[in-house]
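final-v5.txt follows; it contains compact mmCIF, C-alpha atoms.
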# COMPACT_ATOMS: atom_id res chain seq x y z
CA MET Q 24 0.00 0.00 0.00
CA PRO Q 25 1.30 3.51 -0.77
CA ILE Q 26 2.72 5.54 2.09
CA THR Q 27 1.34 9.01 2.81
CA PRO Q 28 4.26 11.11 4.09
CA THR Q 29 3.92 12.84 7.44
CA ASP Q 30 6.03 15.71 8.80
CA LYS Q 31 8.57 14.06 11.07
CA ILE Q 32 10.40 10.78 11.66
CA TRP Q 33 12.19 10.03 14.92
CA MET Q 34 15.83 9.08 14.30
CA ASP Q 35 18.29 8.35 17.10
CA GLY Q 36 16.64 10.74 19.52
CA GLU Q 37 15.83 13.57 17.12
CA LEU Q 38 12.83 14.49 15.01
CA VAL Q 39 13.88 14.72 11.38
CA ASP Q 40 11.90 16.02 8.41
CA TRP Q 41 10.37 13.15 6.44
CA ALA Q 42 12.39 13.97 3.31
CA ASP Q 43 15.63 14.15 5.29
CA ALA Q 44 15.30 10.75 6.98
CA LYS Q 45 18.09 9.13 4.96
CA VAL Q 46 20.83 6.56 5.41
CA HIS Q 47 24.11 5.91 3.59
CA VAL Q 48 24.20 3.47 0.67
CA LEU Q 49 26.72 1.37 2.64
CA THR Q 50 24.43 0.98 5.62
CA HIS Q 51 25.18 -2.53 6.88
CA THR Q 52 21.58 -3.68 7.22
CA MET Q 53 20.88 -2.78 3.59
CA HIS Q 54 23.51 -5.28 2.48
CA TYR Q 55 23.10 -8.12 4.98
CA GLY Q 56 19.61 -7.79 6.45
CA SER Q 57 20.75 -7.74 10.08
CA GLY Q 58 18.08 -5.57 11.63
CA VAL Q 59 14.83 -5.89 13.57
CA PHE Q 60 11.57 -4.04 13.36
CA GLU Q 61 8.00 -3.79 14.60
CA GLY Q 62 4.63 -2.92 13.14
CA ILE Q 63 2.29 -1.09 15.52
CA ARG Q 64 -1.10 0.55 15.07
CA ALA Q 65 -2.69 3.52 16.80
CA TYR Q 66 -6.42 4.20 16.69
CA GLY Q 67 -8.66 7.15 17.24
CA THR Q 68 -10.87 6.67 20.31
CA ALA Q 69 -13.41 8.77 22.19
CA ASN Q 70 -10.62 9.67 24.64
CA GLY Q 71 -7.99 10.54 22.04
CA VAL Q 72 -5.56 8.58 19.92
CA ALA Q 73 -4.24 5.39 21.53
CA VAL Q 74 -1.48 2.98 20.51
CA PHE Q 75 -2.49 -0.67 20.72
CA ARG Q 76 -0.29 -2.75 23.03
CA LEU Q 77 2.63 -0.37 22.63
CA ARG Q 78 4.77 -1.73 25.45
CA GLU Q 79 4.38 -5.32 24.23
CA HIS Q 80 5.51 -4.32 20.75
CA ILE Q 81 8.56 -2.43 21.98
CA GLU Q 82 9.46 -5.28 24.32
CA ARG Q 83 9.25 -7.68 21.38
CA LEU Q 84 11.53 -5.34 19.41
CA PHE Q 85 14.12 -5.65 22.18
CA ALA Q 86 13.65 -9.43 22.33
CA SER Q 87 14.30 -9.63 18.58
CA ALA Q 88 17.40 -7.48 18.97
CA LYS Q 89 18.66 -9.78 21.72
CA VAL Q 90 18.32 -12.78 19.43
CA PHE Q 91 20.43 -10.96 16.81
CA LEU Q 92 22.98 -9.79 19.42
CA ILE Q 93 22.13 -6.16 18.71
CA ASP Q 94 22.45 -3.79 21.67
CA VAL Q 95 19.73 -1.17 21.33
CA PRO Q 96 21.15 2.21 22.48
CA PHE Q 97 17.84 3.25 24.07
CA THR Q 98 15.61 1.84 26.78
CA VAL Q 99 12.15 0.35 26.32
CA ASP Q 100 10.63 3.38 28.04
CA GLN Q 101 12.54 5.77 25.79
CA LEU Q 102 11.22 4.11 22.64
CA ILE Q 103 7.70 4.00 24.07
CA GLU Q 104 7.84 7.76 24.61
CA ALA Q 105 9.45 8.27 21.18
CA SER Q 106 6.54 6.35 19.61
CA ARG Q 107 4.05 8.58 21.38
CA GLU Q 108 6.00 11.64 20.29
CA VAL Q 109 5.92 10.66 16.62
CA VAL Q 110 2.16 10.23 16.70
CA ARG Q 111 1.73 13.50 18.60
CA VAL Q 112 4.02 15.70 16.52
CA ASN Q 113 2.48 14.49 13.26
CA GLY Q 114 -1.06 15.14 14.48
CA LEU Q 115 -2.19 11.60 13.72
CA ASN Q 116 -5.31 11.86 15.85
CA ASP Q 117 -7.37 9.49 13.70
CA GLY Q 118 -4.82 6.72 14.08
CA CYS Q 119 -1.82 5.50 12.13
CA TYR Q 120 0.70 2.75 11.57
CA LEU Q 121 4.10 2.95 13.32
CA ARG Q 122 7.31 1.33 12.12
CA PRO Q 123 10.15 1.17 14.68
CA LEU Q 124 13.37 -0.07 13.08
CA VAL Q 125 16.68 -1.03 14.66
CA TYR Q 126 19.37 -1.24 12.01
CA LEU Q 127 23.13 -1.50 11.68
CA GLY Q 128 24.44 1.70 10.18
CA TYR Q 129 27.33 2.96 8.10
CA GLY Q 130 30.94 2.44 9.10
CA GLU Q 131 31.68 -1.29 8.88
CA MET Q 132 31.30 -3.81 6.08
CA GLY Q 133 31.52 -7.57 6.06
CA LEU Q 134 29.63 -10.43 7.65
CA ASN Q 135 30.72 -9.57 11.18
CA PRO Q 136 28.04 -7.14 12.41
CA LEU Q 137 29.39 -6.67 15.93
CA PRO Q 138 31.46 -3.50 15.30
CA CYS Q 139 28.62 -1.74 13.44
CA PRO Q 140 26.88 1.32 14.87
CA VAL Q 141 23.31 0.67 15.92
CA ASN Q 142 20.68 3.15 14.76
CA VAL Q 143 17.00 3.41 15.64
CA SER Q 144 14.17 5.11 13.78
CA ILE Q 145 10.41 5.34 14.27
CA ALA Q 146 8.12 6.48 11.46
CA ALA Q 147 4.33 6.85 11.51
CA TRP Q 148 1.79 7.47 8.78
CA PRO Q 149 -1.91 6.94 8.05
CA TRP Q 150 -2.47 3.45 6.68
CA GLY Q 151 -5.72 1.78 5.75
CA SER Q 152 -6.64 -1.89 5.75
CA TYR Q 153 -3.58 -3.87 4.67
CA LEU Q 154 -5.64 -6.47 2.80
CA GLY Q 155 -8.32 -3.99 1.74
CA ASP Q 156 -11.70 -3.02 3.12
CA ASP Q 157 -13.40 -5.67 1.00
CA GLY Q 158 -11.11 -8.32 2.43
CA VAL Q 159 -11.96 -7.26 5.98
CA ALA Q 160 -15.68 -7.38 5.20
CA ASN Q 161 -15.95 -10.37 2.89
CA GLY Q 162 -12.76 -12.36 3.28
CA VAL Q 163 -9.65 -12.99 1.20
CA SER Q 164 -8.53 -15.77 -1.11
CA VAL Q 165 -5.35 -17.56 -0.12
CA LYS Q 166 -3.02 -20.08 -1.70
CA VAL Q 167 -0.51 -22.40 -0.09
CA SER Q 168 2.83 -21.12 -1.30
CA SER Q 169 5.48 -23.20 -3.03
CA TRP Q 170 7.98 -21.37 -0.81
CA ARG Q 171 8.53 -22.94 2.62
CA ARG Q 172 8.84 -20.97 5.85
CA HIS Q 173 12.29 -20.84 7.41
CA ASP Q 174 13.57 -23.64 9.56
CA ALA Q 175 13.84 -22.17 13.06
CA ASN Q 176 17.38 -23.52 13.30
CA ALA Q 177 18.41 -21.86 10.03
CA VAL Q 178 17.28 -18.35 10.95
CA PRO Q 179 15.65 -17.31 14.24
CA THR Q 180 11.93 -17.28 13.46
CA ALA Q 181 11.21 -16.13 17.02
CA ALA Q 182 12.64 -12.74 16.04
CA LYS Q 183 11.16 -10.15 13.68
CA GLY Q 184 14.27 -9.73 11.56
CA THR Q 185 14.41 -7.53 8.47
CA GLY Q 186 16.27 -9.77 6.04
CA MET Q 187 14.12 -12.78 6.86
CA TYR Q 188 11.15 -11.15 5.14
CA VAL Q 189 12.55 -11.90 1.69
CA ASN Q 190 10.89 -15.26 2.27
CA SER Q 191 7.54 -13.56 2.84
CA SER Q 192 7.96 -11.29 -0.18
CA LEU Q 193 8.58 -14.24 -2.49
CA ALA Q 194 5.43 -15.95 -1.25
CA LYS Q 195 3.38 -12.75 -1.46
CA VAL Q 196 4.41 -12.02 -5.04
CA GLU Q 197 3.73 -15.60 -6.09
CA ALA Q 198 0.22 -15.38 -4.61
CA LEU Q 199 -0.60 -12.02 -6.17
CA LYS Q 200 0.61 -13.06 -9.61
CA ALA Q 201 -1.53 -16.18 -9.38
CA GLY Q 202 -4.61 -14.09 -8.60
CA TYR Q 203 -4.83 -14.59 -4.82
CA ASP Q 204 -4.77 -12.03 -2.02
CA GLU Q 205 -2.38 -13.76 0.36
CA ALA Q 206 -0.30 -16.89 0.88
CA ILE Q 207 0.07 -19.51 3.58
CA LEU Q 208 3.57 -20.85 4.09
CA LEU Q 209 4.28 -24.35 5.31
CA ALA Q 210 7.02 -25.20 7.77
CA PRO Q 211 9.90 -27.43 6.58
CA ASP Q 212 8.02 -30.47 7.89
CA GLY Q 213 4.95 -29.61 5.81
CA ARG Q 214 2.75 -28.33 8.60
CA VAL Q 215 1.12 -24.92 8.39
CA SER Q 216 3.30 -22.08 9.66
CA GLU Q 217 1.73 -18.67 8.98
CA CYS Q 218 0.87 -16.23 6.19
CA THR Q 219 3.42 -13.82 4.75
CA GLY Q 220 2.86 -11.35 7.60
CA GLU Q 221 0.01 -12.79 9.63
CA ASN Q 222 -0.85 -15.67 11.92
CA VAL Q 223 -3.63 -18.05 10.88
CA PHE Q 224 -6.61 -19.65 12.61
CA VAL Q 225 -9.21 -22.23 11.72
CA VAL Q 226 -12.58 -22.69 13.42
CA ARG Q 227 -14.01 -26.16 13.73
CA GLU Q 228 -17.17 -26.97 15.71
CA GLY Q 229 -16.78 -23.75 17.67
CA ARG Q 230 -13.12 -24.36 18.56
CA VAL Q 231 -10.56 -21.74 17.53
CA ILE Q 232 -7.27 -23.38 16.52
CA THR Q 233 -3.90 -21.82 15.61
CA PRO Q 234 -0.54 -23.54 15.00
CA PRO Q 235 2.05 -23.54 17.80
CA THR Q 236 4.29 -20.70 16.68
CA SER Q 237 7.63 -22.03 17.93
CA ASP Q 238 7.08 -25.45 16.38
CA ALA Q 239 5.83 -24.07 13.07
CA GLY Q 240 8.52 -21.43 12.62
CA ALA Q 241 6.00 -18.59 12.87
CA LEU Q 242 6.40 -15.34 14.75
CA ALA Q 243 4.35 -15.22 17.95
CA GLY Q 244 1.87 -12.48 17.14
CA ILE Q 245 0.67 -9.79 19.50
CA THR Q 246 -2.60 -9.53 17.58
CA GLN Q 247 -2.74 -13.33 17.60
CA ARG Q 248 -2.43 -13.37 21.40
CA SER Q 249 -5.04 -10.62 21.73
CA VAL Q 250 -7.48 -12.57 19.56
CA GLU Q 251 -6.90 -15.73 21.57
CA THR Q 252 -7.85 -13.82 24.72
CA ILE Q 253 -10.90 -12.28 23.06
CA ALA Q 254 -12.05 -15.64 21.69
CA ALA Q 255 -11.70 -17.35 25.06
CA ASP Q 256 -13.56 -14.53 26.80
CA LEU Q 257 -16.36 -14.87 24.23
CA GLY Q 258 -16.67 -18.52 25.22
CA PHE Q 259 -14.88 -20.15 22.29
CA PRO Q 260 -12.32 -22.83 23.24
CA VAL Q 261 -8.85 -21.89 21.97
CA ALA Q 262 -6.15 -24.43 21.15
CA HIS Q 263 -2.61 -24.47 19.77
CA GLU Q 264 -2.49 -27.51 17.50
CA PRO Q 265 -0.50 -28.48 14.42
CA LEU Q 266 -2.40 -27.89 11.19
CA ILE Q 267 -1.95 -29.19 7.66
CA ARG Q 268 -3.24 -27.57 4.48
CA THR Q 269 -6.36 -29.74 4.22
CA ASP Q 270 -7.46 -28.54 7.66
CA PHE Q 271 -8.27 -25.26 5.92
CA TYR Q 272 -10.19 -26.99 3.13
CA THR Q 273 -12.47 -28.71 5.65
CA ALA Q 274 -12.70 -25.99 8.31
CA ASP Q 275 -15.97 -24.32 9.20
CA GLU Q 276 -14.23 -20.94 9.17
CA ALA Q 277 -10.73 -19.52 8.89
CA PHE Q 278 -9.16 -16.13 9.46
CA LEU Q 279 -5.81 -14.41 9.77
CA THR Q 280 -4.50 -11.85 12.24
CA GLY Q 281 -1.72 -9.28 12.26
CA THR Q 282 -1.05 -5.69 13.23
CA ALA Q 283 -1.24 -4.44 9.66
CA ALA Q 284 -4.01 -6.80 8.54
CA GLU Q 285 -5.91 -6.76 11.86
CA VAL Q 286 -8.55 -9.57 11.72
CA VAL Q 287 -9.46 -10.76 8.22
CA PRO Q 288 -11.69 -13.73 7.25
CA ILE Q 289 -10.31 -16.30 4.80
CA ARG Q 290 -13.01 -17.20 2.28
CA ALA Q 291 -11.03 -19.69 0.18
CA VAL Q 292 -7.76 -21.63 0.25
CA ASP Q 293 -6.34 -23.14 -2.94
CA ASP Q 294 -9.66 -22.48 -4.70
CA ARG Q 295 -11.60 -24.42 -2.06
CA GLU Q 296 -14.23 -22.38 -0.25
CA VAL Q 297 -13.81 -22.33 3.51
CA GLY Q 298 -17.23 -23.22 4.91
CA ASP Q 299 -19.75 -21.50 2.66
CA GLY Q 300 -17.16 -19.03 1.38
CA LYS Q 301 -18.36 -16.20 3.60
CA PRO Q 302 -17.15 -14.89 6.97
CA GLY Q 303 -18.54 -17.19 9.63
CA PRO Q 304 -20.24 -16.26 12.91
CA VAL Q 305 -17.24 -16.98 15.15
CA THR Q 306 -14.90 -14.96 12.95
CA LYS Q 307 -17.35 -12.07 12.75
CA GLU Q 308 -17.86 -11.97 16.52
CA ILE Q 309 -14.11 -12.03 17.20
CA GLN Q 310 -13.52 -9.40 14.52
CA ARG Q 311 -16.28 -7.14 15.86
CA THR Q 312 -14.90 -7.36 19.40
CA TYR Q 313 -11.35 -6.72 18.24
CA PHE Q 314 -12.25 -3.57 16.33
CA ALA Q 315 -14.30 -2.32 19.29
CA THR Q 316 -11.34 -3.06 21.58
CA VAL Q 317 -8.74 -1.10 19.63
CA ARG Q 318 -11.10 1.88 19.52
CA GLY Q 319 -11.47 1.91 23.30
CA GLU Q 320 -15.04 0.61 23.39
CA VAL Q 321 -14.42 -2.48 25.54
CA ASP Q 322 -13.58 -1.74 29.18
CA ARG Q 323 -12.31 -5.27 29.73
CA TYR Q 324 -9.29 -4.60 27.51
CA LYS Q 325 -8.67 -0.95 28.29
CA ASP Q 326 -5.17 -1.77 29.57
CA TRP Q 327 -4.18 -2.71 26.01
CA LEU Q 328 -4.39 0.94 24.95
CA ASP Q 329 -1.59 3.45 25.46
CA TYR Q 330 -3.02 6.93 25.05
CA VAL Q 331 -0.97 9.66 23.40
CA GLU Q 332 -1.31 12.87 25.41

Mind converting the file's structure to structure tokens?
Amino acid sequence: MPITPTDKIWMDGELVDWADAKVHVLTHTMHYGSGVFEGIRAYGTANGVAVFRLREHIERLFASAKVFLIDVPFTVDQLIEASREVVRVNGLNDGCYLRPLVYLGYGEMGLNPLPCPVNVSIAAWPWGSYLGDDGVANGVSVKVSSWRRHDANAVPTAAKGTGMYVNSSLAKVEALKAGYDEAILLAPDGRVSECTGENVFVVREGRVITPPTSDAGALAGITQRSVETIAADLGFPVAHEPLIRTDFYTADEAFLTGTAAEVVPIRAVDDREVGDGKPGPVTKEIQRTYFATVRGEVDRYKDWLDYVE
């Protein structure tokens, strides 16, 4: 989706004009992919703009950096406040998408990243539905990709690393060129892992099932965890169980979750309709509650919102 520029980007403790937020062509992360990032959303609420699960996202950023042996030169609290500042200074009162990035900068080259300077940036801009408003309302078509998800012992799938997303891009392009909206990737053992940037769920006889992330090589999603809590509180049993591709063909319902995508029904997988090919009642109830939650309309989950003042 196109980016709408805002006024300022936070870079290493300073607010920089959008057009001046540049890096050198020999920036280490550009060549070797050794960086970590987050995707975060803020929403307009009746009490002002609020960032959804901000602390959890920044803590996951630091966990990813730890996996990559990157020492972030700021604290969690400093980056939480920097995130608020970016939303505030850009006047993004109706909500936005935030992209914190920890990257290895200019000054060293070669496969040893340890001597490289560590830089941090946080950008924010208005961003609509990642998979489109129609996808949110009516569901998306998905194919099982020919590209496999990483083996967790080849690259650390528990971390949100920049270079690792080449795998997702290959699967996404393959799906789009074949006429689908999104792709599901299988783990090296053939079990379902995740979509290109989202976790996946199936619904069978009222049970909400998602693959175990560590086993399947998928990133443990913050939206995924939020939806599991919402589903359980709505009375739907939630389970982490291995899934194979045919589990989607025979499911009553299926949906995907992610910060950018939010909660999106899956209407078909590999040209097989899921259920009757329309968003099912469990998916719609979870989706409705999630969207009410992020907009501050559910008191039960008010602690998930970090208000920008």

Listing only residues of segment 76-182 of chain Q within 12 Å of segment 197-207 of chain Q, what is the closest atom pair and its distance in Å (to one decimal) for each, using only C-alpha atoms, sorted by chain and residue number ascending, as CSV?
residue,atom,partner,partner_atom,distance
Q:Tyr153,CA,Q:Asp204,CA,10.6
Q:Leu154,CA,Q:Asp204,CA,7.4
Q:Gly155,CA,Q:Asp204,CA,9.6
Q:Asp157,CA,Q:Asp204,CA,11.1
Q:Gly158,CA,Q:Asp204,CA,8.6
Q:Val159,CA,Q:Asp204,CA,11.8
Q:Gly162,CA,Q:Asp204,CA,9.6
Q:Val163,CA,Q:Asp204,CA,5.9
Q:Ser164,CA,Q:Tyr203,CA,5.4
Q:Val165,CA,Q:Glu205,CA,4.8
Q:Lys166,CA,Q:Ala206,CA,4.9
Q:Val167,CA,Q:Ile207,CA,4.7
Q:Ser168,CA,Q:Ala206,CA,5.7
Q:Ser169,CA,Q:Glu197,CA,8.4
Q:Trp170,CA,Q:Glu197,CA,8.9
Q:Arg171,CA,Q:Ile207,CA,9.2
Q:Arg172,CA,Q:Ile207,CA,9.2

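What separates atom CA of Arg214 of chain Q from atom CA of Ile267 of chain Q is a distance of 4.9 Å.
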
Taking (1.9, -15.2, 13.9) in the coordinates of the supplied file, I want to know which residues reach to within 8 Å of it, counting only C-alpha atoms; could you give the answer as a ChimeraX atom specification? /Q:217-218,220-223,236,241-245,247,280-281

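The space between atom CA of Asp43 of chain Q and atom CA of Gly67 of chain Q spans 28.0 Å.
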
Residue neighbourhood segment 273-279 of chain Q, 9 Å, only C-alpha atoms, exclusion window fewer than 5 positions, as a PyMOL selection string: chain Q and resi 162-163+217-218+221-229+231+247+284-291+295-306

Go ahead and save the residues from that selection, with C-alpha atoms, as a PDB file, in the coordinates of the input.
ATOM      1  CA  GLY Q 162     -12.760 -12.360   3.280  1.00  0.00           C
ATOM      2  CA  VAL Q 163      -9.650 -12.990   1.200  1.00  0.00           C
ATOM      3  CA  GLU Q 217       1.730 -18.670   8.980  1.00  0.00           C
ATOM      4  CA  CYS Q 218       0.870 -16.230   6.190  1.00  0.00           C
ATOM      5  CA  GLU Q 221       0.010 -12.790   9.630  1.00  0.00           C
ATOM      6  CA  ASN Q 222      -0.850 -15.670  11.920  1.00  0.00           C
ATOM      7  CA  VAL Q 223      -3.630 -18.050  10.880  1.00  0.00           C
ATOM      8  CA  PHE Q 224      -6.610 -19.650  12.610  1.00  0.00           C
ATOM      9  CA  VAL Q 225      -9.210 -22.230  11.720  1.00  0.00           C
ATOM     10  CA  VAL Q 226     -12.580 -22.690  13.420  1.00  0.00           C
ATOM     11  CA  ARG Q 227     -14.010 -26.160  13.730  1.00  0.00           C
ATOM     12  CA  GLU Q 228     -17.170 -26.970  15.710  1.00  0.00           C
ATOM     13  CA  GLY Q 229     -16.780 -23.750  17.670  1.00  0.00           C
ATOM     14  CA  VAL Q 231     -10.560 -21.740  17.530  1.00  0.00           C
ATOM     15  CA  GLN Q 247      -2.740 -13.330  17.600  1.00  0.00           C
ATOM     16  CA  ALA Q 284      -4.010  -6.800   8.540  1.00  0.00           C
ATOM     17  CA  GLU Q 285      -5.910  -6.760  11.860  1.00  0.00           C
ATOM     18  CA  VAL Q 286      -8.550  -9.570  11.720  1.00  0.00           C
ATOM     19  CA  VAL Q 287      -9.460 -10.760   8.220  1.00  0.00           C
ATOM     20  CA  PRO Q 288     -11.690 -13.730   7.250  1.00  0.00           C
ATOM     21  CA  ILE Q 289     -10.310 -16.300   4.800  1.00  0.00           C
ATOM     22  CA  ARG Q 290     -13.010 -17.200   2.280  1.00  0.00           C
ATOM     23  CA  ALA Q 291     -11.030 -19.690   0.180  1.00  0.00           C
ATOM     24  CA  ARG Q 295     -11.600 -24.420  -2.060  1.00  0.00           C
ATOM     25  CA  GLU Q 296     -14.230 -22.380  -0.250  1.00  0.00           C
ATOM     26  CA  VAL Q 297     -13.810 -22.330   3.510  1.00  0.00           C
ATOM     27  CA  GLY Q 298     -17.230 -23.220   4.910  1.00  0.00           C
ATOM     28  CA  ASP Q 299     -19.750 -21.500   2.660  1.00  0.00           C
ATOM     29  CA  GLY Q 300     -17.160 -19.030   1.380  1.00  0.00           C
ATOM     30  CA  LYS Q 301     -18.360 -16.200   3.600  1.00  0.00           C
ATOM     31  CA  PRO Q 302     -17.150 -14.890   6.970  1.00  0.00           C
ATOM     32  CA  GLY Q 303     -18.540 -17.190   9.630  1.00  0.00           C
ATOM     33  CA  PRO Q 304     -20.240 -16.260  12.910  1.00  0.00           C
ATOM     34  CA  VAL Q 305     -17.240 -16.980  15.150  1.00  0.00           C
ATOM     35  CA  THR Q 306     -14.900 -14.960  12.950  1.00  0.00           C
TER      36      THR Q 306
END

Show which residues sit within 12 Å of Glu320 of chain Q, as an mmCIF file with C-alpha atoms, in the coordinates of the input. Count all atoms listed in the file, and ignore same-chain residues fewer than 2 positions away.
data_model
loop_
_atom_site.group_PDB
_atom_site.id
_atom_site.type_symbol
_atom_site.label_atom_id
_atom_site.label_comp_id
_atom_site.auth_asym_id
_atom_site.auth_seq_id
_atom_site.Cartn_x
_atom_site.Cartn_y
_atom_site.Cartn_z
ATOM 1 C CA TYR Q 66 -6.420 4.200 16.690
ATOM 2 C CA GLY Q 67 -8.660 7.150 17.240
ATOM 3 C CA THR Q 68 -10.870 6.670 20.310
ATOM 4 C CA ALA Q 69 -13.410 8.770 22.190
ATOM 5 C CA ASN Q 70 -10.620 9.670 24.640
ATOM 6 C CA ALA Q 73 -4.240 5.390 21.530
ATOM 7 C CA ARG Q 311 -16.280 -7.140 15.860
ATOM 8 C CA THR Q 312 -14.900 -7.360 19.400
ATOM 9 C CA TYR Q 313 -11.350 -6.720 18.240
ATOM 10 C CA PHE Q 314 -12.250 -3.570 16.330
ATOM 11 C CA ALA Q 315 -14.300 -2.320 19.290
ATOM 12 C CA THR Q 316 -11.340 -3.060 21.580
ATOM 13 C CA VAL Q 317 -8.740 -1.100 19.630
ATOM 14 C CA ARG Q 318 -11.100 1.880 19.520
ATOM 15 C CA ASP Q 322 -13.580 -1.740 29.180
ATOM 16 C CA ARG Q 323 -12.310 -5.270 29.730
ATOM 17 C CA TYR Q 324 -9.290 -4.600 27.510
ATOM 18 C CA LYS Q 325 -8.670 -0.950 28.290
ATOM 19 C CA ASP Q 326 -5.170 -1.770 29.570
ATOM 20 C CA TRP Q 327 -4.180 -2.710 26.010
ATOM 21 C CA LEU Q 328 -4.390 0.940 24.950
#

Polymer residues at most 12 Å from His173 of chain Q, only C-alpha atoms, same-chain spacing of 2 or more positions, as a PyMOL selection string: chain Q and resi 170-171+175-182+186-191+208-213+215-217+219+237-242

Expected file contents, prior selection, C-alpha atoms, as a compact mmCIF listing (two decimals), in the frame of the given file:
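Generated output (selection-v4.txt):
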# COMPACT_ATOMS: atom_id res chain seq x y z
CA TRP Q 170 7.98 -21.37 -0.81
CA ARG Q 171 8.53 -22.94 2.62
CA ALA Q 175 13.84 -22.17 13.06
CA ASN Q 176 17.38 -23.52 13.30
CA ALA Q 177 18.41 -21.86 10.03
CA VAL Q 178 17.28 -18.35 10.95
CA PRO Q 179 15.65 -17.31 14.24
CA THR Q 180 11.93 -17.28 13.46
CA ALA Q 181 11.21 -16.13 17.02
CA ALA Q 182 12.64 -12.74 16.04
CA GLY Q 186 16.27 -9.77 6.04
CA MET Q 187 14.12 -12.78 6.86
CA TYR Q 188 11.15 -11.15 5.14
CA VAL Q 189 12.55 -11.90 1.69
CA ASN Q 190 10.89 -15.26 2.27
CA SER Q 191 7.54 -13.56 2.84
CA LEU Q 208 3.57 -20.85 4.09
CA LEU Q 209 4.28 -24.35 5.31
CA ALA Q 210 7.02 -25.20 7.77
CA PRO Q 211 9.90 -27.43 6.58
CA ASP Q 212 8.02 -30.47 7.89
CA GLY Q 213 4.95 -29.61 5.81
CA VAL Q 215 1.12 -24.92 8.39
CA SER Q 216 3.30 -22.08 9.66
CA GLU Q 217 1.73 -18.67 8.98
CA THR Q 219 3.42 -13.82 4.75
CA SER Q 237 7.63 -22.03 17.93
CA ASP Q 238 7.08 -25.45 16.38
CA ALA Q 239 5.83 -24.07 13.07
CA GLY Q 240 8.52 -21.43 12.62
CA ALA Q 241 6.00 -18.59 12.87
CA LEU Q 242 6.40 -15.34 14.75

Nearest to Asn135 of chain Q, restricted to all atoms listed in the file and choosing among Q:Arg111, Q:Arg230, Q:Arg248, Q:His51, comes out as Q:His51

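Coordinates place atom CA of Pro140 of chain Q at a distance of 16.4 Å from atom CA of Thr98 of chain Q.
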
Determine the axis-aligned bounding box of all atoms of segment 145-150 of chain Q present in the file, pad each side by 8 Å, and express its centre and edge lengths in Å to one decimal place as lines of an AutoDock Vina configuration file.
center_x = 4.0
center_y = 5.5
center_z = 10.5
size_x = 28.9
size_y = 20.0
size_z = 23.6

Around the point (6.9, 7.1, 17.9) in the file's coordinates, collect all residues with an atom within 10 Å, using only C-alpha atoms, and return them as a ChimeraX atom specification. /Q:31-34,38,63,74,77,101-113,120-123,144-147,331

Next, dump the selected residues to file, keeping only C-alpha atoms, as a PDB file, in the coordinates of the input.
ATOM      1  CA  LYS Q  31       8.570  14.060  11.070  1.00  0.00           C
ATOM      2  CA  ILE Q  32      10.400  10.780  11.660  1.00  0.00           C
ATOM      3  CA  TRP Q  33      12.190  10.030  14.920  1.00  0.00           C
ATOM      4  CA  MET Q  34      15.830   9.080  14.300  1.00  0.00           C
ATOM      5  CA  LEU Q  38      12.830  14.490  15.010  1.00  0.00           C
ATOM      6  CA  ILE Q  63       2.290  -1.090  15.520  1.00  0.00           C
ATOM      7  CA  VAL Q  74      -1.480   2.980  20.510  1.00  0.00           C
ATOM      8  CA  LEU Q  77       2.630  -0.370  22.630  1.00  0.00           C
ATOM      9  CA  GLN Q 101      12.540   5.770  25.790  1.00  0.00           C
ATOM     10  CA  LEU Q 102      11.220   4.110  22.640  1.00  0.00           C
ATOM     11  CA  ILE Q 103       7.700   4.000  24.070  1.00  0.00           C
ATOM     12  CA  GLU Q 104       7.840   7.760  24.610  1.00  0.00           C
ATOM     13  CA  ALA Q 105       9.450   8.270  21.180  1.00  0.00           C
ATOM     14  CA  SER Q 106       6.540   6.350  19.610  1.00  0.00           C
ATOM     15  CA  ARG Q 107       4.050   8.580  21.380  1.00  0.00           C
ATOM     16  CA  GLU Q 108       6.000  11.640  20.290  1.00  0.00           C
ATOM     17  CA  VAL Q 109       5.920  10.660  16.620  1.00  0.00           C
ATOM     18  CA  VAL Q 110       2.160  10.230  16.700  1.00  0.00           C
ATOM     19  CA  ARG Q 111       1.730  13.500  18.600  1.00  0.00           C
ATOM     20  CA  VAL Q 112       4.020  15.700  16.520  1.00  0.00           C
ATOM     21  CA  ASN Q 113       2.480  14.490  13.260  1.00  0.00           C
ATOM     22  CA  TYR Q 120       0.700   2.750  11.570  1.00  0.00           C
ATOM     23  CA  LEU Q 121       4.100   2.950  13.320  1.00  0.00           C
ATOM     24  CA  ARG Q 122       7.310   1.330  12.120  1.00  0.00           C
ATOM     25  CA  PRO Q 123      10.150   1.170  14.680  1.00  0.00           C
ATOM     26  CA  SER Q 144      14.170   5.110  13.780  1.00  0.00           C
ATOM     27  CA  ILE Q 145      10.410   5.340  14.270  1.00  0.00           C
ATOM     28  CA  ALA Q 146       8.120   6.480  11.460  1.00  0.00           C
ATOM     29  CA  ALA Q 147       4.330   6.850  11.510  1.00  0.00           C
ATOM     30  CA  VAL Q 331      -0.970   9.660  23.400  1.00  0.00           C
TER      31      VAL Q 331
END

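Using all atoms listed in the file for every distance, the candidate list Q:Tyr330, Q:Phe259, Q:Trp41, Q:Phe85 yields Q:Trp41 as the residue closest to Trp148 of chain Q.
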
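The residue that comes closest to Ala65 of chain Q, out of Q:Glu251, Q:Asp117, Q:Asp30, Q:Glu79 and on the basis of all atoms listed in the file, is Q:Asp117.
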
For Gly36 of chain Q, which residue out of Q:Thr282, Q:Asn161, Q:Asn142, Q:Ser152 is the nearest one, using all atoms listed in the file? Q:Asn142

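Comparing the minimum interatomic distances between Leu124 of chain Q and each of Q:Val59, Q:Val72, Q:Ile81, Q:Val141, counting all atoms listed in the file, we find that Q:Val59 sits nearest.
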
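Between Val90 of chain Q and the candidates Q:Gly58, Q:Gly114, Q:Pro25, Q:Gly133, the tightest atom-to-atom separation, counting only C-alpha atoms, involves Q:Gly58.
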